[in-house]
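model-v2.cif follows; it contains mmCIF, C-alpha atoms.
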data_my_file
loop_
_atom_site.group_PDB
_atom_site.id
_atom_site.type_symbol
_atom_site.label_atom_id
_atom_site.label_comp_id
_atom_site.auth_asym_id
_atom_site.auth_seq_id
_atom_site.Cartn_x
_atom_site.Cartn_y
_atom_site.Cartn_z
ATOM 1 C CA MET A 1 -0.365 -77.943 -64.736
ATOM 2 C CA SER A 2 2.290 -77.993 -62.141
ATOM 3 C CA GLY A 3 4.577 -75.255 -60.816
ATOM 4 C CA THR A 4 6.664 -74.139 -57.924
ATOM 5 C CA TYR A 5 5.348 -71.443 -55.546
ATOM 6 C CA GLU A 6 7.488 -69.452 -53.094
ATOM 7 C CA THR A 7 6.056 -67.996 -49.946
ATOM 8 C CA THR A 8 7.653 -64.822 -48.570
ATOM 9 C CA THR A 9 6.981 -63.159 -45.243
ATOM 10 C CA ALA A 10 7.344 -59.339 -44.945
ATOM 11 C CA THR A 11 9.152 -58.197 -41.842
ATOM 12 C CA PRO A 12 9.442 -54.510 -40.903
ATOM 13 C CA SER A 13 12.931 -53.188 -41.146
ATOM 14 C CA MET A 14 12.271 -50.279 -38.673
ATOM 15 C CA PRO A 15 10.074 -50.210 -35.559
ATOM 16 C CA GLU A 16 6.913 -48.203 -35.899
ATOM 17 C CA GLY A 17 7.049 -44.774 -34.276
ATOM 18 C CA ALA A 18 9.960 -42.696 -32.991
ATOM 19 C CA PRO A 19 12.830 -44.351 -31.163
ATOM 20 C CA VAL A 20 12.585 -44.279 -27.368
ATOM 21 C CA LEU A 21 15.210 -42.108 -25.728
ATOM 22 C CA ARG A 22 16.495 -42.616 -22.250
ATOM 23 C CA ASN A 23 15.088 -40.507 -19.458
ATOM 24 C CA ARG A 24 17.524 -37.645 -18.911
ATOM 25 C CA VAL A 25 15.816 -35.878 -15.997
ATOM 26 C CA SER A 26 17.077 -36.411 -12.461
ATOM 27 C CA TRP A 27 14.390 -35.431 -9.980
ATOM 28 C CA GLY A 28 16.650 -36.288 -7.099
ATOM 29 C CA ALA A 29 19.163 -33.724 -8.311
ATOM 30 C CA ILE A 30 16.415 -31.153 -8.873
ATOM 31 C CA ILE A 31 14.939 -31.587 -5.401
ATOM 32 C CA ALA A 32 18.379 -31.465 -3.828
ATOM 33 C CA GLY A 33 19.203 -28.291 -5.755
ATOM 34 C CA ALA A 34 15.901 -26.671 -4.737
ATOM 35 C CA LEU A 35 16.497 -27.477 -1.069
ATOM 36 C CA ILE A 36 20.017 -26.092 -1.290
ATOM 37 C CA ALA A 37 18.689 -22.908 -2.920
ATOM 38 C CA ILE A 38 16.040 -22.394 -0.224
ATOM 39 C CA VAL A 39 18.338 -23.086 2.707
ATOM 40 C CA VAL A 40 21.192 -20.958 1.354
ATOM 41 C CA GLY A 41 18.805 -18.065 0.658
ATOM 42 C CA LEU A 42 17.253 -18.401 4.127
ATOM 43 C CA THR A 43 20.667 -18.505 5.790
ATOM 44 C CA LEU A 44 21.855 -15.378 4.002
ATOM 45 C CA ASN A 45 18.604 -13.593 4.817
ATOM 46 C CA VAL A 46 19.012 -14.414 8.505
ATOM 47 C CA LEU A 47 22.543 -13.028 8.316
ATOM 48 C CA GLY A 48 21.202 -9.873 6.669
ATOM 49 C CA LEU A 49 18.590 -9.502 9.405
ATOM 50 C CA ALA A 50 21.295 -9.803 12.055
ATOM 51 C CA ILE A 51 23.412 -7.156 10.325
ATOM 52 C CA GLY A 52 20.402 -4.860 9.965
ATOM 53 C CA VAL A 53 19.516 -5.164 13.644
ATOM 54 C CA THR A 54 23.074 -4.286 14.674
ATOM 55 C CA THR A 55 22.751 -0.952 12.843
ATOM 56 C CA VAL A 56 19.889 0.091 15.143
ATOM 57 C CA ASP A 57 21.203 2.206 18.012
ATOM 58 C CA ALA A 58 18.278 3.764 19.842
ATOM 59 C CA ALA A 59 20.388 4.988 22.744
ATOM 60 C CA ALA A 60 22.780 7.037 20.588
ATOM 61 C CA ARG A 61 20.012 7.920 18.106
ATOM 62 C CA ASP A 62 22.307 6.801 15.302
ATOM 63 C CA THR A 63 19.884 4.581 13.390
ATOM 64 C CA PRO A 64 19.554 4.611 9.597
ATOM 65 C CA SER A 65 16.290 5.888 8.212
ATOM 66 C CA ALA A 66 13.447 3.535 7.390
ATOM 67 C CA SER A 67 13.884 4.109 3.652
ATOM 68 C CA THR A 68 17.591 3.268 3.846
ATOM 69 C CA LEU A 69 16.900 0.091 5.786
ATOM 70 C CA GLY A 70 14.144 -0.853 3.369
ATOM 71 C CA ILE A 71 16.293 -0.381 0.270
ATOM 72 C CA ALA A 72 19.273 -2.185 1.799
ATOM 73 C CA GLY A 73 17.058 -5.038 2.991
ATOM 74 C CA SER A 74 15.452 -5.423 -0.432
ATOM 75 C CA ILE A 75 18.833 -5.536 -2.171
ATOM 76 C CA TRP A 76 20.158 -8.068 0.339
ATOM 77 C CA LEU A 77 17.045 -10.212 -0.061
ATOM 78 C CA LEU A 78 17.385 -10.218 -3.850
ATOM 79 C CA VAL A 79 21.115 -11.000 -3.814
ATOM 80 C CA SER A 80 20.653 -13.762 -1.222
ATOM 81 C CA ASN A 81 17.973 -15.479 -3.268
ATOM 82 C CA LEU A 82 20.011 -15.163 -6.466
ATOM 83 C CA LEU A 83 23.066 -16.702 -4.813
ATOM 84 C CA GLY A 84 20.962 -19.532 -3.392
ATOM 85 C CA LEU A 85 19.374 -20.280 -6.786
ATOM 86 C CA ALA A 86 22.726 -20.159 -8.564
ATOM 87 C CA LEU A 87 24.212 -22.625 -6.091
ATOM 88 C CA GLY A 88 21.107 -24.835 -6.290
ATOM 89 C CA GLY A 89 21.247 -24.870 -10.101
ATOM 90 C CA TYR A 90 24.937 -25.748 -9.995
ATOM 91 C CA ALA A 91 24.312 -28.610 -7.569
ATOM 92 C CA ALA A 92 21.418 -29.964 -9.623
ATOM 93 C CA ALA A 93 23.391 -29.993 -12.867
ATOM 94 C CA ARG A 94 26.400 -31.522 -11.160
ATOM 95 C CA LEU A 95 24.426 -34.226 -9.378
ATOM 96 C CA SER A 96 22.458 -35.115 -12.522
ATOM 97 C CA GLY A 97 25.689 -36.115 -14.225
ATOM 98 C CA THR A 98 24.662 -34.548 -17.514
ATOM 99 C CA SER A 99 27.162 -33.220 -20.004
ATOM 100 C CA ASP A 100 24.529 -31.726 -22.293
ATOM 101 C CA ALA A 101 24.038 -27.961 -21.999
ATOM 102 C CA PRO A 102 20.291 -27.941 -22.787
ATOM 103 C CA ASP A 103 19.705 -30.687 -20.222
ATOM 104 C CA ALA A 104 21.617 -28.684 -17.625
ATOM 105 C CA THR A 105 19.581 -25.577 -18.487
ATOM 106 C CA LEU A 106 16.335 -27.459 -17.964
ATOM 107 C CA HIS A 107 17.583 -28.813 -14.641
ATOM 108 C CA GLY A 108 18.404 -25.276 -13.516
ATOM 109 C CA ALA A 109 14.963 -24.032 -14.586
ATOM 110 C CA SER A 110 13.353 -26.923 -12.695
ATOM 111 C CA VAL A 111 15.299 -25.987 -9.569
ATOM 112 C CA TRP A 112 14.078 -22.399 -9.913
ATOM 113 C CA ALA A 113 10.442 -23.474 -10.366
ATOM 114 C CA THR A 114 10.534 -25.943 -7.458
ATOM 115 C CA ALA A 115 12.255 -23.546 -5.080
ATOM 116 C CA SER A 116 9.883 -20.696 -5.983
ATOM 117 C CA LEU A 117 6.821 -22.884 -5.483
ATOM 118 C CA VAL A 118 7.998 -24.240 -2.130
ATOM 119 C CA SER A 119 8.962 -20.745 -0.941
ATOM 120 C CA ALA A 120 5.541 -19.386 -1.942
ATOM 121 C CA LEU A 121 3.786 -22.202 -0.072
ATOM 122 C CA LEU A 122 5.900 -21.647 3.039
ATOM 123 C CA LEU A 123 5.331 -17.890 2.931
ATOM 124 C CA GLY A 124 1.592 -18.397 2.497
ATOM 125 C CA SER A 125 1.508 -20.737 5.469
ATOM 126 C CA LEU A 126 3.398 -18.235 7.622
ATOM 127 C CA VAL A 127 1.096 -15.382 6.644
ATOM 128 C CA SER A 128 -1.998 -17.515 7.237
ATOM 129 C CA GLY A 129 -0.720 -18.615 10.625
ATOM 130 C CA ALA A 130 0.075 -15.041 11.643
ATOM 131 C CA ALA A 131 -3.374 -13.879 10.528
ATOM 132 C CA ASN A 132 -5.074 -16.676 12.477
ATOM 133 C CA THR A 133 -3.043 -15.863 15.583
ATOM 134 C CA ALA A 134 -3.843 -12.168 15.316
ATOM 135 C CA GLY A 135 -7.535 -12.896 14.755
ATOM 136 C CA SER A 136 -7.680 -15.199 17.751
ATOM 137 C CA ALA A 137 -5.972 -12.643 19.982
ATOM 138 C CA LEU A 138 -8.285 -9.879 18.754
ATOM 139 C CA SER A 139 -11.384 -11.991 19.355
ATOM 140 C CA GLN A 140 -10.209 -12.737 22.888
ATOM 141 C CA VAL A 141 -9.622 -9.041 23.562
ATOM 142 C CA LEU A 142 -13.005 -8.059 22.147
ATOM 143 C CA GLY A 143 -14.699 -10.852 24.066
ATOM 144 C CA GLY A 144 -13.102 -9.708 27.298
ATOM 145 C CA ALA A 145 -14.062 -6.108 26.604
ATOM 146 C CA ALA A 146 -17.658 -7.078 25.873
ATOM 147 C CA GLN A 147 -17.813 -9.142 29.039
ATOM 148 C CA GLY A 148 -16.399 -6.279 31.078
ATOM 149 C CA ALA A 149 -18.837 -3.828 29.529
ATOM 150 C CA GLY A 150 -21.695 -6.171 30.376
ATOM 151 C CA GLN A 151 -20.538 -6.398 33.972
ATOM 152 C CA VAL A 152 -20.274 -2.621 34.240
ATOM 153 C CA ALA A 153 -23.738 -2.173 32.740
ATOM 154 C CA SER A 154 -25.160 -4.718 35.140
ATOM 155 C CA ALA A 155 -23.529 -2.953 38.072
ATOM 156 C CA VAL A 156 -24.762 0.487 36.997
ATOM 157 C CA ALA A 157 -28.332 -0.531 36.150
ATOM 158 C CA PRO A 158 -29.061 -3.829 37.856
ATOM 159 C CA GLU A 159 -32.841 -3.317 37.863
ATOM 160 C CA THR A 160 -33.193 -2.268 34.194
ATOM 161 C CA ASN A 161 -34.844 -4.804 31.923
ATOM 162 C CA PRO A 162 -35.676 -4.791 28.184
ATOM 163 C CA GLU A 163 -39.406 -4.294 28.783
ATOM 164 C CA GLU A 164 -38.759 -1.158 30.811
ATOM 165 C CA LEU A 165 -36.532 0.225 28.055
ATOM 166 C CA ILE A 166 -39.243 -0.454 25.460
ATOM 167 C CA ASP A 167 -41.818 1.325 27.638
ATOM 168 C CA ARG A 168 -39.565 4.333 27.980
ATOM 169 C CA ALA A 169 -39.055 4.492 24.219
ATOM 170 C CA ARG A 170 -42.804 4.183 23.580
ATOM 171 C CA ILE A 171 -43.569 6.986 26.028
ATOM 172 C CA ALA A 172 -40.874 9.168 24.476
ATOM 173 C CA LEU A 173 -42.197 8.614 20.948
ATOM 174 C CA SER A 174 -45.900 8.801 21.709
ATOM 175 C CA GLY A 175 -46.397 12.366 22.865
ATOM 176 C CA PRO A 176 -47.901 15.614 21.690
ATOM 177 C CA SER A 177 -47.279 16.600 18.073
ATOM 178 C CA ASP A 178 -46.547 20.213 18.899
ATOM 179 C CA PRO A 179 -42.749 20.528 19.188
ATOM 180 C CA ALA A 180 -43.106 23.164 21.880
ATOM 181 C CA ARG A 181 -45.068 20.760 24.097
ATOM 182 C CA MET A 182 -42.782 17.780 23.458
ATOM 183 C CA THR A 183 -39.999 16.790 25.804
ATOM 184 C CA ALA A 184 -36.342 16.956 24.794
ATOM 185 C CA ASP A 185 -36.232 13.156 24.438
ATOM 186 C CA GLN A 186 -39.253 13.165 22.166
ATOM 187 C CA ARG A 187 -37.876 15.925 19.972
ATOM 188 C CA GLY A 188 -34.463 14.236 19.860
ATOM 189 C CA ALA A 189 -35.990 10.911 18.836
ATOM 190 C CA GLU A 190 -37.983 12.475 16.001
ATOM 191 C CA ILE A 191 -35.054 14.608 14.843
ATOM 192 C CA GLY A 192 -32.884 11.506 14.715
ATOM 193 C CA GLU A 193 -35.546 9.680 12.702
ATOM 194 C CA LEU A 194 -35.802 12.515 10.167
ATOM 195 C CA LEU A 195 -32.031 12.845 9.846
ATOM 196 C CA GLY A 196 -31.744 9.100 9.343
ATOM 197 C CA LYS A 197 -34.319 9.337 6.560
ATOM 198 C CA ARG A 198 -32.323 12.205 5.046
ATOM 199 C CA VAL A 199 -29.123 10.170 5.035
ATOM 200 C CA ALA A 200 -30.775 7.006 3.721
ATOM 201 C CA ASN A 201 -32.762 8.646 0.906
ATOM 202 C CA GLY A 202 -30.367 11.471 0.046
ATOM 203 C CA GLY A 203 -33.037 14.047 0.866
ATOM 204 C CA ILE A 204 -36.339 14.626 2.631
ATOM 205 C CA SER A 205 -39.722 15.802 1.438
ATOM 206 C CA GLY A 206 -41.110 19.267 2.001
ATOM 207 C CA ASN A 207 -43.338 18.220 4.877
ATOM 208 C CA ASP A 208 -40.507 16.369 6.623
ATOM 209 C CA ARG A 209 -38.208 19.366 6.169
ATOM 210 C CA THR A 210 -40.803 21.700 7.642
ATOM 211 C CA ARG A 211 -41.282 19.329 10.567
ATOM 212 C CA LEU A 212 -37.518 19.127 11.082
ATOM 213 C CA ASN A 213 -37.258 22.928 11.096
ATOM 214 C CA GLN A 214 -39.984 23.145 13.716
ATOM 215 C CA LEU A 215 -38.348 20.505 15.907
ATOM 216 C CA VAL A 216 -34.922 22.127 15.754
ATOM 217 C CA ALA A 217 -36.420 25.535 16.439
ATOM 218 C CA ALA A 218 -38.242 24.246 19.510
ATOM 219 C CA GLU A 219 -35.215 22.310 20.727
ATOM 220 C CA ALA A 220 -32.773 25.205 20.358
ATOM 221 C CA GLY A 221 -35.235 27.948 21.267
ATOM 222 C CA ILE A 222 -34.662 29.875 18.046
ATOM 223 C CA PRO A 223 -36.921 31.067 15.232
ATOM 224 C CA GLU A 224 -37.889 28.578 12.589
ATOM 225 C CA ALA A 225 -36.086 30.510 9.849
ATOM 226 C CA GLU A 226 -32.835 30.375 11.803
ATOM 227 C CA ALA A 227 -33.374 26.653 12.406
ATOM 228 C CA ALA A 228 -33.808 26.145 8.653
ATOM 229 C CA SER A 229 -30.536 28.013 8.046
ATOM 230 C CA ARG A 230 -28.756 25.839 10.593
ATOM 231 C CA ILE A 231 -30.091 22.691 8.966
ATOM 232 C CA GLN A 232 -29.005 23.845 5.522
ATOM 233 C CA ALA A 233 -25.548 24.725 6.819
ATOM 234 C CA TYR A 234 -25.330 21.310 8.455
ATOM 235 C CA GLU A 235 -26.349 19.586 5.226
ATOM 236 C CA ALA A 236 -23.776 21.587 3.235
ATOM 237 C CA GLU A 237 -21.051 20.733 5.735
ATOM 238 C CA ALA A 238 -22.041 17.058 5.743
ATOM 239 C CA GLN A 239 -21.990 16.980 1.946
ATOM 240 C CA ARG A 240 -18.573 18.634 1.884
ATOM 241 C CA VAL A 241 -17.187 16.134 4.393
ATOM 242 C CA ALA A 242 -18.671 13.256 2.408
ATOM 243 C CA GLN A 243 -17.101 14.538 -0.820
ATOM 244 C CA GLU A 244 -13.734 14.957 0.877
ATOM 245 C CA ALA A 245 -13.965 11.448 2.305
ATOM 246 C CA GLU A 246 -14.851 10.060 -1.118
ATOM 247 C CA GLN A 247 -11.949 11.909 -2.736
ATOM 248 C CA LYS A 248 -9.535 10.638 -0.089
ATOM 249 C CA ALA A 249 -10.849 7.103 -0.566
ATOM 250 C CA ARG A 250 -10.333 7.386 -4.327
ATOM 251 C CA GLU A 251 -6.805 8.724 -3.837
ATOM 252 C CA ALA A 252 -6.002 5.929 -1.385
ATOM 253 C CA ALA A 253 -7.356 3.319 -3.803
ATOM 254 C CA ASP A 254 -5.327 4.829 -6.654
ATOM 255 C CA ALA A 255 -2.174 4.857 -4.516
ATOM 256 C CA ALA A 256 -2.793 1.249 -3.469
ATOM 257 C CA ALA A 257 -3.270 0.213 -7.108
ATOM 258 C CA LYS A 258 -0.031 1.926 -8.155
ATOM 259 C CA ALA A 259 1.859 0.359 -5.254
ATOM 260 C CA ALA A 260 0.480 -3.075 -6.154
ATOM 261 C CA ALA A 261 1.504 -2.594 -9.788
ATOM 262 C CA ILE A 262 5.044 -1.528 -8.837
ATOM 263 C CA ALA A 263 5.361 -4.439 -6.400
ATOM 264 C CA SER A 264 4.146 -6.865 -9.073
ATOM 265 C CA PHE A 265 6.743 -5.599 -11.549
ATOM 266 C CA TRP A 266 9.487 -5.968 -8.935
ATOM 267 C CA VAL A 267 8.363 -9.496 -8.100
ATOM 268 C CA PHE A 268 8.320 -10.353 -11.801
ATOM 269 C CA ALA A 269 11.849 -8.959 -12.225
ATOM 270 C CA ALA A 270 13.068 -10.895 -9.183
ATOM 271 C CA LEU A 271 11.591 -14.128 -10.556
ATOM 272 C CA VAL A 272 13.197 -13.583 -13.962
ATOM 273 C CA LEU A 273 16.559 -12.824 -12.356
ATOM 274 C CA GLY A 274 16.175 -15.914 -10.179
ATOM 275 C CA ALA A 275 15.537 -18.091 -13.221
ATOM 276 C CA GLY A 276 18.615 -16.620 -14.902
ATOM 277 C CA ALA A 277 20.764 -17.235 -11.818
ATOM 278 C CA ALA A 278 19.625 -20.864 -11.551
ATOM 279 C CA ILE A 279 20.273 -21.473 -15.265
ATOM 280 C CA ILE A 280 23.723 -19.850 -15.123
ATOM 281 C CA GLY A 281 24.595 -21.967 -12.102
ATOM 282 C CA ALA A 282 23.388 -25.094 -13.869
ATOM 283 C CA ARG A 283 25.379 -24.299 -17.007
ATOM 284 C CA THR A 284 28.431 -23.758 -14.831
ATOM 285 C CA GLY A 285 27.918 -27.121 -13.158
ATOM 286 C CA THR A 286 27.587 -29.064 -16.434
ATOM 287 C CA ARG A 287 30.126 -31.850 -16.652
ATOM 288 C CA ASP A 288 32.688 -31.723 -19.444
ATOM 289 C CA LEU A 289 33.090 -34.610 -21.875
ATOM 290 C CA VAL A 290 36.471 -36.263 -21.762
ATOM 291 C CA TYR A 291 37.643 -37.706 -25.086
ATOM 292 C CA LEU A 292 40.220 -40.484 -24.945
ATOM 293 C CA ALA A 293 42.514 -40.679 -27.949
ATOM 294 C CA GLY A 294 42.829 -44.200 -29.231
ATOM 295 C CA ARG A 295 46.161 -45.613 -30.390
ATOM 296 C CA ARG A 296 46.464 -48.494 -32.796
ATOM 297 C CA VAL A 297 48.979 -51.121 -31.756
ATOM 298 C CA GLY A 298 50.558 -52.767 -34.809
#
Mind converting the file's structure to structure tokens?
Amino acid sequence: MSGTYETTTATPSMPEGAPVLRNRVSWGAIIAGALIAIVVGLTLNVLGLAIGVTTVDAAARDTPSASTLGIAGSIWLLVSNLLGLALGGYAAARLSGTSDAPDATLHGASVWATASLVSALLLGSLVSGAANTAGSALSQVLGGAAQGAGQVASAVAPETNPEELIDRARIALSGPSDPARMTADQRGAEIGELLGKRVANGGISGNDRTRLNQLVAAEAGIPEAEAASRIQAYEAEAQRVAQEAEQKAREAADAAAKAAAIASFWVFAALVLGAGAAIIGARTGTRDLVYLAGRRVG
């Protein structure tokens, strides 16, 4: 049996996957726009600083208040950065050559992100450098003060050595147990030890309290009952001062937290406004399409 067979080969009519689009991002334009935004903002801020300094007149005592200068400086800083970002977004969109509004918007947002990141890095470096400089200067001052104190101590007590100091402390601590027969140094050392135990443990036992009353009575030359009253008054005053200090610390921490929250909201608002300024500038710098009308020649 004979026949004719045909062989066919299947070829795909469409390539597999999505079509590849051309790259429409221009990093050169974005970097140029970010640099323009940073430099323009820095230039305007320097101008604002110069204007602010000229308003200070210490001789005539005609200087604006600190709050006025702070508010004016903050407004100038915000406006300067917004103008710089708007100009940077415009330059990026213009240099990219795009005529598509979404592409221009993304270029403006990229300028805003790049400029904000670079500015944050520069500000962090400046703050870190200032902190290192201040720390180095402080360490030098403290080192010089310690060296000077050592020289003064050596000049005042050139023959004093650590062993002699230890012997003096041992003699002061090892004495009669009767407070009336103890020296003032011995009573002072034991009183300090008991008060330190009171502060560390939040209280002292009955025997330690009785001993403390006896020591204070012998030291001040007063009856033991009056010494106990003095100690109780001292403890009440110390507790009151500690409570006041704790309350002030809590109030300061609360004020710091509120200030940090307000500053964070303002920074967030400034960043959002900066993104809007860069996008508006980029949309303004988008190139327009030019349509050429064709004419048929018959």
Expansion of the PyMOL selection byres ((chain A and resi 194) around 10) into residues, as a list in words |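 The output of the PyMOL selection byres ((chain A and resi 194) around 10) on this file is Gly188, Ala189, Glu190, Ile191, Gly192, Glu193, Leu195, Gly196, Lys197, Arg198, Val199, Ala200, Gly203, Ile204, Asp208, Arg209, Arg211 and Leu212 of chain A.
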Tell me, in Å to one decimal, how far CA of Ala86 in chain A is from CA of Gly33 in chain A.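 Value for the CA of Ala86 in chain A-CA of Gly33 in chain A distance: 9.3 Å.
Applied to this file, the PyMOL selection byres ((chain A and resi 39) around 12) selects the residues Ala32, Gly33, Ala34, Leu35, Ile36, Ala37, Ile38, Val40, Gly41, Leu42, Thr43, Leu44, Asn45, Val46, Ser80, Asn81, Leu83, Gly84, Leu85, Leu87, Gly88, Ala115, Val118 and Ser119 of chain A.
Reported to one decimal place, the separation of CA of Leu78 in chain A from CA of Thr55 in chain A is 19.8 Å.
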Practice prompt. Convert the output of the PyMOL selection byres ((chain A and resi 69) around 12) on the shown file into explicit residues, formatted as a PyMOL selection string.
Written response: chain A and resi 48-49+51-56+63-68+70-77
Work out how far CA of Gly206 in chain A is from CA of Ile222 in chain A, in Å to one decimal.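 One can read the CA of Ile222 in chain A to CA of Gly206 in chain A distance as 20.3 Å.
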**Non-local contacts of Glu226 in chain A (12 Å; only C-alpha atoms; under 6 positions in same chain excluded) as a ChimeraX atom specification** = /A:213-214,216-218,220,232-233
With C-alpha atoms retained, export the selected residues as a compact mmCIF listing (two decimals), keeping the file's coordinate frame.
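In the end it all went to part17.txt:
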# COMPACT_ATOMS: atom_id res chain seq x y z
CA ASN A 213 -37.26 22.93 11.10
CA GLN A 214 -39.98 23.14 13.72
CA VAL A 216 -34.92 22.13 15.75
CA ALA A 217 -36.42 25.54 16.44
CA ALA A 218 -38.24 24.25 19.51
CA ALA A 220 -32.77 25.20 20.36
CA GLN A 232 -29.00 23.84 5.52
CA ALA A 233 -25.55 24.72 6.82
(message) List as a ChimeraX atom specification the protein and nucleic acid residues near range 274-284 of chain A, meaning an atom at most 8 Å away when all atoms listed in the file are counted, but skip any in the same chain fewer than 5 places from it.
(response) /A:81-83,85-94,101,104-109,111-113
Go ahead and write the residues just picked, C-alpha atoms, as a PDB file, keeping the file's coordinate frame.
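Below is the file selection_25.pdb, written as the result:
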ATOM      1  CA  ASN A  81      17.973 -15.479  -3.268  1.00  0.00           C
ATOM      2  CA  LEU A  82      20.011 -15.163  -6.466  1.00  0.00           C
ATOM      3  CA  LEU A  83      23.066 -16.702  -4.813  1.00  0.00           C
ATOM      4  CA  LEU A  85      19.374 -20.280  -6.786  1.00  0.00           C
ATOM      5  CA  ALA A  86      22.726 -20.159  -8.564  1.00  0.00           C
ATOM      6  CA  LEU A  87      24.212 -22.625  -6.091  1.00  0.00           C
ATOM      7  CA  GLY A  88      21.107 -24.835  -6.290  1.00  0.00           C
ATOM      8  CA  GLY A  89      21.247 -24.870 -10.101  1.00  0.00           C
ATOM      9  CA  TYR A  90      24.937 -25.748  -9.995  1.00  0.00           C
ATOM     10  CA  ALA A  91      24.312 -28.610  -7.569  1.00  0.00           C
ATOM     11  CA  ALA A  92      21.418 -29.964  -9.623  1.00  0.00           C
ATOM     12  CA  ALA A  93      23.391 -29.993 -12.867  1.00  0.00           C
ATOM     13  CA  ARG A  94      26.400 -31.522 -11.160  1.00  0.00           C
ATOM     14  CA  ALA A 101      24.038 -27.961 -21.999  1.00  0.00           C
ATOM     15  CA  ALA A 104      21.617 -28.684 -17.625  1.00  0.00           C
ATOM     16  CA  THR A 105      19.581 -25.577 -18.487  1.00  0.00           C
ATOM     17  CA  LEU A 106      16.335 -27.459 -17.964  1.00  0.00           C
ATOM     18  CA  HIS A 107      17.583 -28.813 -14.641  1.00  0.00           C
ATOM     19  CA  GLY A 108      18.404 -25.276 -13.516  1.00  0.00           C
ATOM     20  CA  ALA A 109      14.963 -24.032 -14.586  1.00  0.00           C
ATOM     21  CA  VAL A 111      15.299 -25.987  -9.569  1.00  0.00           C
ATOM     22  CA  TRP A 112      14.078 -22.399  -9.913  1.00  0.00           C
ATOM     23  CA  ALA A 113      10.442 -23.474 -10.366  1.00  0.00           C
TER      24      ALA A 113
END
